[in-house]
>>> print(open('coords.cif').read())   # mmCIF, C-alpha atoms
data_start
#
loop_
_atom_site.label_atom_id
_atom_site.label_comp_id
_atom_site.auth_asym_id
_atom_site.auth_seq_id
_atom_site.Cartn_x
_atom_site.Cartn_y
_atom_site.Cartn_z
CA MET A 27 23.97 -106.14 35.33
CA GLY A 28 21.36 -107.49 37.81
CA GLY A 29 18.22 -106.90 35.62
CA THR A 30 15.37 -109.37 35.17
CA ASP A 31 15.07 -108.95 31.38
CA VAL A 32 17.13 -111.77 29.91
CA THR A 33 17.09 -110.19 26.51
CA ASP A 34 19.41 -107.18 27.11
CA GLY A 35 20.18 -107.43 30.81
CA TRP A 36 18.28 -104.15 31.62
CA ASP A 37 15.19 -103.66 33.69
CA TRP A 38 12.81 -101.51 31.52
CA ARG A 39 10.31 -99.92 33.81
CA ARG A 40 7.81 -97.01 33.85
CA PRO A 41 8.63 -93.92 35.90
CA GLY A 42 6.36 -95.41 38.62
CA GLY A 43 8.49 -98.59 38.85
CA SER A 44 6.29 -101.16 37.06
CA PRO A 45 7.91 -103.07 34.21
CA VAL A 46 7.05 -102.11 30.66
CA PRO A 47 6.35 -104.82 28.13
CA GLY A 48 8.67 -104.83 25.23
CA GLY A 49 11.97 -103.07 25.17
CA PRO A 50 14.98 -102.39 23.09
CA ALA A 51 15.84 -105.99 22.63
CA SER A 52 12.46 -106.89 21.27
CA GLY A 53 12.58 -104.11 18.71
CA ARG A 54 9.13 -102.93 19.81
CA PRO A 55 8.25 -99.82 21.70
CA PRO A 56 7.16 -100.21 25.29
CA GLN A 57 3.46 -101.00 25.71
CA ASP A 58 1.00 -100.40 28.51
CA ALA A 59 -1.38 -102.99 30.02
CA SER A 60 -3.87 -102.60 27.21
CA GLY A 61 -1.26 -103.29 24.54
CA GLN A 62 -1.08 -99.64 23.34
CA THR A 63 2.21 -97.89 22.74
CA ALA A 64 3.20 -96.25 25.99
CA SER A 65 4.91 -93.19 24.49
CA PRO A 66 5.38 -91.70 21.05
CA TRP A 67 8.91 -90.75 22.06
CA TRP A 68 10.12 -94.34 22.34
CA SER A 69 13.51 -95.18 20.94
CA ASP A 70 16.16 -97.78 21.36
CA ALA A 71 18.46 -95.33 23.02
CA LEU A 72 18.89 -97.75 25.94
CA ALA A 73 20.78 -100.11 23.65
CA ASP A 74 23.12 -97.32 22.51
CA PRO A 75 26.65 -98.47 23.37
CA TRP A 76 27.70 -94.86 23.94
CA ARG A 77 24.99 -94.18 26.46
CA ASP A 78 26.02 -93.34 30.02
CA PRO A 79 25.11 -96.46 32.01
CA TYR A 80 24.44 -94.31 35.08
CA ALA A 81 21.84 -92.06 33.34
CA PRO A 82 18.14 -92.62 34.20
CA ALA A 83 16.75 -95.66 32.50
CA ALA A 84 13.44 -94.09 31.45
CA VAL A 85 12.55 -91.06 29.27
CA VAL A 86 9.59 -89.27 30.84
CA VAL A 87 7.27 -87.71 28.26
CA PRO A 88 4.05 -85.99 29.36
CA ALA A 89 1.04 -88.01 28.33
CA ALA A 90 -1.30 -86.60 25.69
CA PRO A 91 -4.34 -84.90 27.19
CA ALA A 92 -7.35 -87.09 27.49
CA PRO A 93 -10.20 -86.48 25.09
CA GLY A 94 -12.61 -83.84 26.37
CA ALA A 95 -10.15 -82.43 28.86
CA GLY A 96 -10.18 -78.97 27.17
CA GLU A 97 -7.56 -76.91 25.45
CA PRO A 98 -4.07 -76.85 26.93
CA GLU A 99 -3.20 -73.83 29.00
CA PRO A 100 -1.55 -71.19 26.81
CA VAL A 101 2.11 -70.64 27.41
CA THR A 102 3.55 -67.13 27.25
CA ASP A 103 7.06 -66.54 26.02
CA PRO A 104 8.77 -64.52 28.75
CA ASP A 105 11.13 -62.98 26.18
CA LEU A 106 8.30 -61.29 24.20
CA PRO A 107 7.50 -57.62 25.16
CA ALA A 108 4.21 -57.29 27.01
CA ARG A 109 1.33 -55.48 25.24
CA PRO A 110 0.53 -52.18 27.00
CA GLY A 111 -2.79 -51.95 28.77
CA MET A 112 -5.32 -49.13 28.38
CA ARG A 113 -4.07 -47.37 31.47
CA GLN A 114 -0.54 -47.37 30.09
CA VAL A 115 -1.73 -45.94 26.73
CA VAL A 116 -3.61 -43.11 28.44
CA LEU A 117 -0.67 -42.38 30.73
CA ILE A 118 1.81 -42.26 27.83
CA SER A 119 -0.48 -39.95 25.81
CA LEU A 120 -0.90 -37.59 28.76
CA VAL A 121 2.83 -37.39 29.39
CA THR A 122 3.49 -36.76 25.68
CA ALA A 123 0.94 -33.93 25.58
CA LEU A 124 2.44 -32.32 28.69
CA LEU A 125 5.94 -32.51 27.22
CA ALA A 126 4.78 -31.02 23.88
CA GLY A 127 3.00 -28.14 25.65
CA SER A 128 6.02 -27.41 27.79
CA LEU A 129 8.29 -27.41 24.75
CA GLY A 130 5.95 -25.03 22.84
CA SER A 131 5.77 -22.65 25.81
CA ALA A 132 9.53 -22.68 26.14
CA LEU A 133 10.03 -21.90 22.46
CA THR A 134 7.46 -19.08 22.59
CA TYR A 135 9.12 -17.58 25.61
CA ALA A 136 12.51 -17.82 23.94
CA LEU A 137 11.20 -16.07 20.83
CA LEU A 138 9.60 -13.26 22.84
CA ARG A 139 12.56 -12.82 25.15
CA GLY A 140 15.27 -13.26 22.57
CA GLY A 141 16.61 -16.38 24.25
CA ASP A 142 18.79 -18.48 22.04
CA VAL A 143 16.76 -17.73 18.89
CA PRO A 144 18.99 -15.87 16.39
CA THR A 145 18.14 -12.24 15.62
CA ILE A 146 16.99 -11.54 12.06
CA GLY A 147 18.82 -8.66 10.41
CA ALA A 148 21.52 -6.41 11.74
CA GLN A 149 20.75 -3.91 14.49
CA SER A 150 21.79 -0.29 14.13
CA GLY A 151 22.13 2.12 16.97
CA GLN A 152 20.73 5.13 15.12
CA ALA A 153 18.65 5.57 11.96
CA PRO A 154 20.53 7.01 8.98
CA ALA A 155 20.11 10.68 8.23
CA LEU A 156 17.71 10.06 5.31
CA ALA A 157 15.41 8.02 7.58
CA GLN A 158 15.17 10.63 10.34
CA ARG A 159 12.59 12.70 8.42
CA LYS A 160 13.88 16.13 9.27
CA PRO A 161 11.43 19.04 8.96
CA GLU A 162 13.00 20.14 5.68
CA SER A 163 12.72 16.65 4.13
CA LEU A 164 9.85 15.84 1.78
CA ALA A 165 8.30 13.65 4.47
CA GLY A 166 8.63 16.47 6.98
CA VAL A 167 7.04 18.94 4.57
CA ALA A 168 4.15 16.59 3.84
CA GLU A 169 3.52 15.96 7.54
CA ARG A 170 3.37 19.70 8.16
CA VAL A 171 1.04 20.56 5.27
CA LEU A 172 -1.36 17.59 5.24
CA PRO A 173 -3.51 18.78 8.20
CA SER A 174 -4.43 21.88 6.16
CA VAL A 175 -5.50 19.96 3.02
CA VAL A 176 -9.13 18.89 2.58
CA THR A 177 -11.35 16.88 0.25
CA ILE A 178 -14.40 18.66 -1.19
CA ARG A 179 -17.56 16.90 -2.34
CA VAL A 180 -20.36 18.71 -4.16
CA VAL A 181 -23.68 17.04 -4.98
CA SER A 182 -25.62 18.37 -7.96
CA LEU A 183 -28.16 17.17 -10.50
CA GLY A 184 -25.31 15.90 -12.64
CA GLY A 185 -23.91 13.74 -9.83
CA THR A 186 -21.17 14.20 -7.26
CA SER A 187 -18.11 16.31 -8.00
CA GLU A 188 -15.01 15.73 -5.91
CA GLY A 189 -11.86 17.77 -5.63
CA SER A 190 -9.33 19.09 -3.16
CA GLY A 191 -8.73 22.32 -1.31
CA PHE A 192 -6.66 23.89 1.45
CA VAL A 193 -7.33 26.06 4.49
CA VAL A 194 -6.22 29.69 4.09
CA THR A 195 -7.63 31.30 7.26
CA SER A 196 -8.16 30.13 10.83
CA GLU A 197 -11.78 31.30 10.43
CA GLY A 198 -12.47 28.41 8.04
CA HIS A 199 -11.91 29.81 4.53
CA ILE A 200 -10.84 27.17 2.02
CA VAL A 201 -9.52 27.66 -1.52
CA THR A 202 -10.38 25.29 -4.35
CA ASN A 203 -10.99 25.34 -8.10
CA ASP A 204 -14.10 26.92 -9.54
CA HIS A 205 -14.77 23.85 -11.67
CA VAL A 206 -15.04 21.73 -8.49
CA VAL A 207 -18.07 23.71 -7.23
CA ALA A 208 -19.33 25.24 -10.50
CA ASP A 209 -22.30 22.88 -11.00
CA GLY A 210 -23.32 22.70 -7.35
CA PRO A 211 -26.00 24.51 -5.34
CA GLY A 212 -23.51 26.64 -3.46
CA LYS A 213 -23.02 23.99 -0.77
CA ALA A 214 -20.27 21.45 -0.25
CA THR A 215 -19.10 18.78 2.18
CA VAL A 216 -15.56 19.30 3.42
CA VAL A 217 -13.61 16.26 4.64
CA PHE A 218 -10.58 17.04 6.76
CA ASN A 219 -7.30 15.17 7.09
CA ASP A 220 -8.47 13.32 10.21
CA GLY A 221 -11.62 12.06 8.46
CA SER A 222 -14.04 14.49 10.15
CA THR A 223 -16.48 16.45 7.98
CA ALA A 224 -18.14 19.85 7.98
CA ALA A 225 -20.71 21.59 5.85
CA GLY A 226 -19.30 24.32 3.62
CA THR A 227 -20.82 27.30 1.85
CA VAL A 228 -19.43 28.81 -1.34
CA VAL A 229 -18.40 32.41 -0.55
CA GLY A 230 -17.54 33.39 -4.10
CA GLN A 231 -16.20 32.17 -7.43
CA ASP A 232 -14.10 33.49 -10.31
CA PRO A 233 -14.71 31.21 -13.31
CA GLU A 234 -12.14 32.87 -15.58
CA SER A 235 -9.31 32.25 -13.12
CA ASP A 236 -10.80 28.88 -12.02
CA LEU A 237 -10.78 29.79 -8.32
CA ALA A 238 -13.43 29.59 -5.61
CA VAL A 239 -13.62 30.08 -1.83
CA ILE A 240 -15.61 27.92 0.59
CA LYS A 241 -16.34 28.73 4.25
CA VAL A 242 -16.85 26.18 7.05
CA SER A 243 -17.88 26.88 10.62
CA ARG A 244 -15.04 25.30 12.49
CA SER A 245 -12.42 26.77 14.80
CA GLY A 246 -8.87 25.71 15.45
CA LEU A 247 -7.99 25.22 11.78
CA THR A 248 -4.38 25.63 10.67
CA PRO A 249 -3.96 27.71 7.49
CA VAL A 250 -1.20 27.00 5.01
CA GLN A 251 1.83 29.20 4.54
CA PHE A 252 2.08 31.06 1.23
CA GLY A 253 5.22 31.12 -0.85
CA ASP A 254 6.24 33.43 -3.72
CA SER A 255 5.37 31.95 -7.10
CA ASP A 256 7.38 34.66 -8.84
CA ALA A 257 10.54 33.39 -7.13
CA LEU A 258 10.20 29.84 -8.51
CA ALA A 259 12.80 28.44 -10.89
CA VAL A 260 12.58 25.53 -13.28
CA GLY A 261 13.85 22.43 -11.50
CA ASP A 262 12.67 23.42 -8.01
CA PRO A 263 11.22 20.43 -6.09
CA VAL A 264 7.48 20.52 -5.41
CA LEU A 265 4.78 18.34 -3.84
CA ALA A 266 1.21 17.99 -5.07
CA ILE A 267 -1.24 17.13 -2.28
CA GLY A 268 -4.89 16.20 -2.59
CA SER A 269 -7.42 13.43 -3.26
CA PRO A 270 -6.78 12.00 -6.72
CA LEU A 271 -9.46 9.49 -7.73
CA SER A 272 -10.97 9.81 -4.21
CA LEU A 273 -7.70 8.70 -2.56
CA ALA A 274 -7.54 11.30 0.21
CA ASN A 275 -4.29 12.62 1.68
CA THR A 276 -2.20 11.61 -1.33
CA VAL A 277 1.22 13.20 -1.75
CA THR A 278 3.21 13.10 -4.99
CA ALA A 279 6.57 14.68 -5.72
CA GLY A 280 8.12 16.28 -8.77
CA ILE A 281 9.81 19.42 -10.00
CA VAL A 282 8.81 22.67 -11.62
CA SER A 283 8.95 21.76 -15.31
CA ALA A 284 8.18 25.22 -16.75
CA LEU A 285 6.90 28.63 -15.74
CA ASP A 286 4.31 30.97 -17.28
CA ARG A 287 2.85 28.18 -19.39
CA THR A 288 -0.17 30.07 -20.77
CA MET A 289 -3.38 28.07 -20.54
CA GLN A 290 -6.80 28.43 -22.08
CA ALA A 291 -9.16 25.86 -20.60
CA GLY A 292 -12.85 25.25 -20.04
CA GLU A 293 -15.70 22.94 -20.87
CA PRO A 294 -17.79 23.46 -24.01
CA GLY A 295 -20.46 26.03 -23.28
CA GLY A 296 -18.74 27.13 -20.09
CA PRO A 297 -16.43 30.02 -19.27
CA THR A 298 -12.98 30.21 -20.82
CA ARG A 299 -10.26 30.17 -18.19
CA TYR A 300 -6.92 31.90 -18.71
CA TYR A 301 -3.83 31.74 -16.55
CA ALA A 302 -0.06 31.61 -16.87
CA ALA A 303 0.49 28.29 -15.12
CA ILE A 304 3.25 26.55 -13.25
CA GLN A 305 3.97 23.30 -15.09
CA THR A 306 5.06 20.29 -13.00
CA ASP A 307 5.71 16.61 -13.50
CA ALA A 308 4.32 15.70 -10.05
CA ALA A 309 1.58 13.12 -10.55
CA VAL A 310 -1.79 14.91 -10.67
CA ASN A 311 -5.10 13.22 -11.53
CA HIS A 312 -8.81 13.92 -11.31
CA GLY A 313 -9.54 14.85 -7.71
CA ASN A 314 -6.28 16.78 -7.26
CA SER A 315 -8.05 19.87 -8.61
CA GLY A 316 -7.96 22.68 -6.07
CA GLY A 317 -5.23 21.10 -3.97
CA PRO A 318 -1.97 22.86 -3.12
CA LEU A 319 1.32 22.71 -4.98
CA VAL A 320 3.96 23.04 -2.26
CA ASP A 321 7.61 24.03 -2.49
CA GLY A 322 10.52 22.44 -0.64
CA ALA A 323 9.93 24.65 2.39
CA GLY A 324 6.30 23.59 2.79
CA ARG A 325 4.85 26.81 1.38
CA VAL A 326 2.00 26.79 -1.13
CA VAL A 327 3.18 28.15 -4.48
CA GLY A 328 0.28 27.09 -6.68
CA VAL A 329 -3.25 25.66 -6.95
CA ASN A 330 -3.38 22.45 -8.97
CA SER A 331 -5.94 22.99 -11.71
CA THR A 332 -5.60 20.96 -14.91
CA ILE A 333 -3.63 18.28 -16.72
CA LYS A 334 -2.89 17.30 -20.27
CA SER A 335 -3.33 13.68 -21.31
CA LEU A 336 -3.15 11.59 -24.47
CA VAL A 337 -6.78 10.43 -24.58
CA ALA A 338 -9.56 10.55 -27.12
CA ASP A 339 -12.76 12.49 -26.54
CA GLY A 340 -14.96 10.89 -23.90
CA GLN A 341 -12.15 8.91 -22.30
CA GLU A 342 -10.89 9.39 -18.78
CA ALA A 343 -7.68 11.43 -18.68
CA GLY A 344 -4.78 10.34 -16.49
CA ASN A 345 -1.40 11.59 -15.42
CA ILE A 346 1.39 11.62 -17.99
CA GLY A 347 3.59 14.12 -16.13
CA LEU A 348 1.98 17.28 -17.53
CA ALA A 349 0.14 19.10 -14.76
CA PHE A 350 -0.55 22.80 -14.36
CA ALA A 351 -1.16 24.99 -11.33
CA ILE A 352 -2.39 28.55 -10.91
CA PRO A 353 0.43 30.68 -9.42
CA ILE A 354 -0.26 31.38 -5.76
CA ASN A 355 0.47 35.10 -6.11
CA GLN A 356 -2.49 35.34 -8.50
CA ALA A 357 -4.63 32.95 -6.44
CA LYS A 358 -3.93 34.80 -3.21
CA ARG A 359 -4.97 38.12 -4.70
CA ILE A 360 -8.21 36.71 -6.09
CA THR A 361 -8.94 34.89 -2.81
CA GLU A 362 -8.58 38.13 -0.85
CA ASP A 363 -10.96 39.86 -3.28
CA ILE A 364 -13.56 37.11 -2.91
CA ILE A 365 -13.36 37.03 0.90
CA GLY A 366 -13.50 40.82 1.07
CA THR A 367 -16.13 41.59 -1.58
CA GLY A 368 -17.57 38.29 -2.75
CA LYS A 369 -16.08 38.65 -6.22
CA ALA A 370 -12.68 39.05 -7.85
CA ARG A 371 -11.24 41.85 -9.91
CA ARG A 372 -9.92 40.94 -13.31
CA THR A 373 -6.74 42.56 -14.62
CA VAL A 374 -6.99 44.03 -18.14
CA ILE A 375 -4.80 45.91 -20.64
CA GLY A 376 -7.65 47.74 -22.32
CA ALA A 377 -7.41 46.13 -25.78
CA GLN A 378 -8.97 43.31 -27.76
CA VAL A 379 -6.62 40.74 -29.20
CA GLY A 380 -7.11 39.31 -32.70
CA GLY A 381 -4.92 36.96 -34.69
CA THR A 382 -1.18 36.66 -34.82
CA GLY A 383 1.08 39.06 -36.67
CA ALA A 384 1.55 38.39 -40.36
CA THR A 385 5.33 38.33 -40.13
CA GLY A 386 7.77 38.25 -37.25
CA GLY A 387 5.34 36.67 -34.75
CA GLY A 388 3.45 38.53 -32.03
CA VAL A 389 -0.30 39.10 -31.58
CA ARG A 390 -2.33 41.87 -33.22
CA LEU A 391 -4.53 44.34 -31.34
CA ASN A 392 -7.90 44.42 -33.08
CA ALA A 393 -9.23 47.25 -30.93
CA VAL A 394 -7.85 49.57 -28.26
CA GLU A 395 -10.21 51.16 -25.73
CA PRO A 396 -9.86 54.93 -25.83
CA ALA A 397 -9.52 55.36 -22.05
CA GLY A 398 -7.83 52.04 -21.27
CA PRO A 399 -4.29 51.29 -20.12
CA ALA A 400 -3.01 50.44 -23.64
CA ALA A 401 -4.29 53.69 -25.14
CA ALA A 402 -2.80 55.64 -22.25
CA ALA A 403 0.59 54.09 -23.07
CA GLY A 404 0.31 55.07 -26.77
CA LEU A 405 -0.74 51.73 -28.30
CA ARG A 406 -3.14 51.80 -31.25
CA THR A 407 -5.42 49.42 -33.09
CA GLY A 408 -3.38 47.30 -35.51
CA ASP A 409 -0.21 47.31 -33.41
CA VAL A 410 1.43 43.89 -32.99
CA VAL A 411 2.54 43.06 -29.43
CA LEU A 412 5.77 41.10 -29.57
CA ARG A 413 6.65 40.76 -25.86
CA LEU A 414 5.09 41.47 -22.48
CA ASP A 415 7.68 41.90 -19.72
CA GLY A 416 10.10 39.85 -21.82
CA HIS A 417 7.65 36.96 -22.50
CA PRO A 418 7.30 36.35 -26.26
CA MET A 419 3.78 36.47 -27.70
CA THR A 420 2.94 33.67 -30.15
CA ASP A 421 -0.79 33.24 -29.57
CA PRO A 422 -3.65 35.54 -28.41
CA THR A 423 -3.96 33.34 -25.29
CA ASP A 424 -0.44 34.38 -24.27
CA LEU A 425 -1.33 38.06 -23.90
CA VAL A 426 -4.61 37.48 -22.03
CA ALA A 427 -3.15 34.87 -19.62
CA LEU A 428 -0.04 36.88 -18.81
CA VAL A 429 -2.01 40.07 -18.20
CA ARG A 430 -4.26 38.17 -15.73
CA LYS A 431 -1.18 37.04 -13.83
CA TYR A 432 -0.44 40.58 -12.69
CA ALA A 433 -2.36 42.57 -10.10
CA PRO A 434 -4.22 45.73 -11.14
CA GLY A 435 -1.85 48.67 -10.94
CA SER A 436 1.21 46.68 -12.03
CA VAL A 437 3.42 48.35 -14.63
CA VAL A 438 4.61 46.09 -17.46
CA THR A 439 6.84 46.71 -20.46
CA VAL A 440 5.24 46.06 -23.84
CA GLU A 441 7.38 45.61 -26.93
CA TYR A 442 5.32 46.07 -30.10
CA ARG A 443 5.66 46.61 -33.81
CA ARG A 444 3.88 49.33 -35.76
CA GLY A 445 4.47 48.92 -39.46
CA SER A 446 8.14 48.03 -39.69
CA ALA A 447 9.23 49.93 -36.58
CA ARG A 448 9.64 48.31 -33.17
CA GLN A 449 8.81 50.33 -30.07
CA ASN A 450 8.47 49.87 -26.29
CA ALA A 451 5.78 51.20 -23.97
CA SER A 452 5.19 51.05 -20.20
CA VAL A 453 1.61 50.04 -19.53
CA THR A 454 -0.10 50.35 -16.14
CA LEU A 455 -2.60 47.51 -15.96
CA ALA A 456 -6.03 48.12 -14.49
CA ALA A 457 -9.00 46.22 -13.08
CA ASP A 458 -12.03 45.73 -15.28
CA ALA A 459 -15.29 47.52 -14.55
CA LYS A 460 -17.10 44.41 -13.25
#
>>> encode(input="coords.cif", output="structure tokens")
Amino acid sequence: MGGTDVTDGWDWRRPGGSPVPGGPASGRPPQDASGQTASPWWSDALADPWRDPYAPAAVVVPAAPAPGAGEPEPVTDPDLPARPGMRQVVLISLVTALLAGSLGSALTYALLRGGDVPTIGAQSGQAPALAQRKPESLAGVAERVLPSVVTIRVVSLGGTSEGSGFVVTSEGHIVTNDHVVADGPGKATVVFNDGSTAAGTVVGQDPESDLAVIKVSRSGLTPVQFGDSDALAVGDPVLAIGSPLSLANTVTAGIVSALDRTMQAGEPGGPTRYYAAIQTDAAVNHGNSGGPLVDGAGRVVGVNSTIKSLVADGQEAGNIGLAFAIPINQAKRITEDIIGTGKARRTVIGAQVGGTGATGGGVRLNAVEPAGPAAAAGLRTGDVVLRLDGHPMTDPTDLVALVRKYAPGSVVTVEYRRGSARQNASVTLAADAK
């Protein structure tokens, strides 16, 4: 083959052209001038019979770095993703924040403008009739009456008494219960529907009917409209308005549960109060006292006064659906007397009532005044009154309370029993001498 090595006929040389000692024929790896192995990659591939004779005769392997030459230069894989620099991190964060802000603004705008956000609930073109709050509805009645209802606070040695009231004249007269102002010094603080206050002075009181009148110096007040309590029927709708438990401007609804429910009320040691009350199941609690009972037309038909409750002595009473109001026809008459004269006239029959009749019911007359209305109608001591204007008498309270319901000068029919005979008499009621 033209080589100088007689062993295998090939010229084994370094890449620079100088011959290399040893070779495939010798079975030793090529050596340099110092006798060291020239390359760790030596092999006898040159003696491979399948080798291409025209391929290069030497395998070039980079020499190992010399001692002390330093670490080899690091090699970076071009296929690996490059680590982001600080500038790239800041730039990506800024772009992300801008995109998030833009998205939030877009969503907010869409929500405010309707956009593509779905509408919650169905839309109706017009409110139903029950939601239109017509003037004759309960809501319409309450809206009309509330500006005339007030809260009354009275400070006394025993503490602060709080109740309700309502404006009856544009000059500032206000009706309330006597027991709201009874223990006070004749002064009161009146709180109006809009939260404003005014000082009030007690004009007059009638403890036996549980009514009082307060006057405030304020103009532009709207008085309530009065209804006819004698025209009420059981089952009529009513509203009770006031400040129960200091909750001002409270409205509760109910019906007239009974009429002419005779009441005898009062605190121990205080005056005894008599009236033929309107009974209602509208929720009434402490603080409603003195507030108006209003009919379905927004007219005042009664003055809320007392309640019955299933509580033991010393416990706080609460609503159980048994509330009682003074009929407005009686309250109006007494209010006019107080405003006009400072005191109220009391209607009497001119007889003292004792116990009930021994048989057949009724109440017995223990004494009849010689010049009084009963005597003028022919009644005598010992007669038993069975009915007054058709109302049955079962307790002495019934006769007193029903007589007080009427105005002086009213003519009432009295059915009574004398011995075993039943008789009728027309009695013209009168005012007492007070």
>>> closest_residue(input="coords.cif", among="A:Ser331, A:Ser235, A:Asn450, A:Gln305", to="A:Arg359", atoms="all atoms listed in the file")
A:Ser235
>>> atom_distance(input="coords.cif", atom1="atom CA of A:Ile352", atom2="atom CA of A:Gly184")
26.2 Å
>>> resolve_selection(input="coords.cif", expression="the PyMOL selection byres ((chain A and resi 335) around 8)", output="short mmCIF file (atom, residue, chain, number, x, y, z; two decimals) with C-alpha atoms, keeping the file's coordinate frame")
data_model
loop_
_atom_site.label_atom_id
_atom_site.label_comp_id
_atom_site.auth_asym_id
_atom_site.auth_seq_id
_atom_site.Cartn_x
_atom_site.Cartn_y
_atom_site.Cartn_z
CA ILE A 333 -3.63 18.28 -16.72
CA LYS A 334 -2.89 17.30 -20.27
CA LEU A 336 -3.15 11.59 -24.47
CA VAL A 337 -6.78 10.43 -24.58
CA ALA A 343 -7.68 11.43 -18.68
CA GLY A 344 -4.78 10.34 -16.49
CA ASN A 345 -1.40 11.59 -15.42
CA ILE A 346 1.39 11.62 -17.99
CA LEU A 348 1.98 17.28 -17.53
#
>>> resolve_selection(input="coords.cif", expression="the PyMOL selection byres ((chain A and resi 390) around 9)", output="ChimeraX atom specification")
/A:378-384,388-389,391-392,407-412,422
>>> closest_residue(input="coords.cif", among="A:Thr195, A:Thr306, A:Asn275, A:Thr227", to="A:Thr248", atoms="all atoms listed in the file")
A:Thr195
>>> resolve_selection(input="coords.cif", expression="the PyMOL selection byres ((chain A and resi 257-260) around 10)", output="JSON, numbers by chain")
{"A": [253, 254, 255, 256, 261, 262, 263, 281, 282, 283, 284, 285, 304, 305, 306, 321, 327, 353]}
>>> write_last_selection(input="coords.cif", atoms="C-alpha atoms", output="compact mmCIF listing (two decimals), in the coordinates of the input")
# COMPACT_ATOMS: atom_id res chain seq x y z
CA GLY A 253 5.22 31.12 -0.85
CA ASP A 254 6.24 33.43 -3.72
CA SER A 255 5.37 31.95 -7.10
CA ASP A 256 7.38 34.66 -8.84
CA GLY A 261 13.85 22.43 -11.50
CA ASP A 262 12.67 23.42 -8.01
CA PRO A 263 11.22 20.43 -6.09
CA ILE A 281 9.81 19.42 -10.00
CA VAL A 282 8.81 22.67 -11.62
CA SER A 283 8.95 21.76 -15.31
CA ALA A 284 8.18 25.22 -16.75
CA LEU A 285 6.90 28.63 -15.74
CA ILE A 304 3.25 26.55 -13.25
CA GLN A 305 3.97 23.30 -15.09
CA THR A 306 5.06 20.29 -13.00
CA ASP A 321 7.61 24.03 -2.49
CA VAL A 327 3.18 28.15 -4.48
CA PRO A 353 0.43 30.68 -9.42
>>> atom_distance(input="coords.cif", atom1="atom CA of A:Val429", atom2="atom CA of A:Val374")
6.4 Å
>>> closest_residue(input="coords.cif", among="A:Arg413, A:Asp363, A:Leu117, A:Pro161", to="A:Arg448", atoms="all atoms listed in the file")
A:Arg413
>>> closest_residue(input="coords.cif", among="A:Arg113, A:Lys213, A:Arg170, A:Arg371", to="A:Val326", atoms="all atoms listed in the file")
A:Arg170
>>> atom_distance(input="coords.cif", atom1="atom CA of A:Gly191", atom2="atom CA of A:Pro233")
16.1 Å
>>> axis_aligned_box(input="coords.cif", around="stretch 301-311 of chain A", padding_each_side="5 Å", output="lines of an AutoDock Vina configuration file")
center_x = 0.3
center_y = 22.4
center_z = -13.5
size_x = 20.8
size_y = 28.6
size_z = 16.8
>>> residues_around(input="coords.cif", residues="A:Leu455", least_positions_apart="5", cutoff="10 Å", atoms="only C-alpha atoms", output="list in words")
Thr373, Val374, Ile375, Gly376, Gly398, Pro399, Ala400, Val429, Arg430, Tyr432, Ala433, Pro434, Gly435, Ser436, Val437 and Val438 of chain A
>>> closest_residue(input="coords.cif", among="A:Ile365, A:Ala123, A:Ala168, A:Ala208", to="A:Pro318", atoms="all atoms listed in the file")
A:Ala168
>>> residues_around(input="coords.cif", residues="A:Arg244", least_positions_apart="4", cutoff="10 Å", atoms="all atoms listed in the file", output="PyMOL selection string")
chain A and resi 196-199+224-226
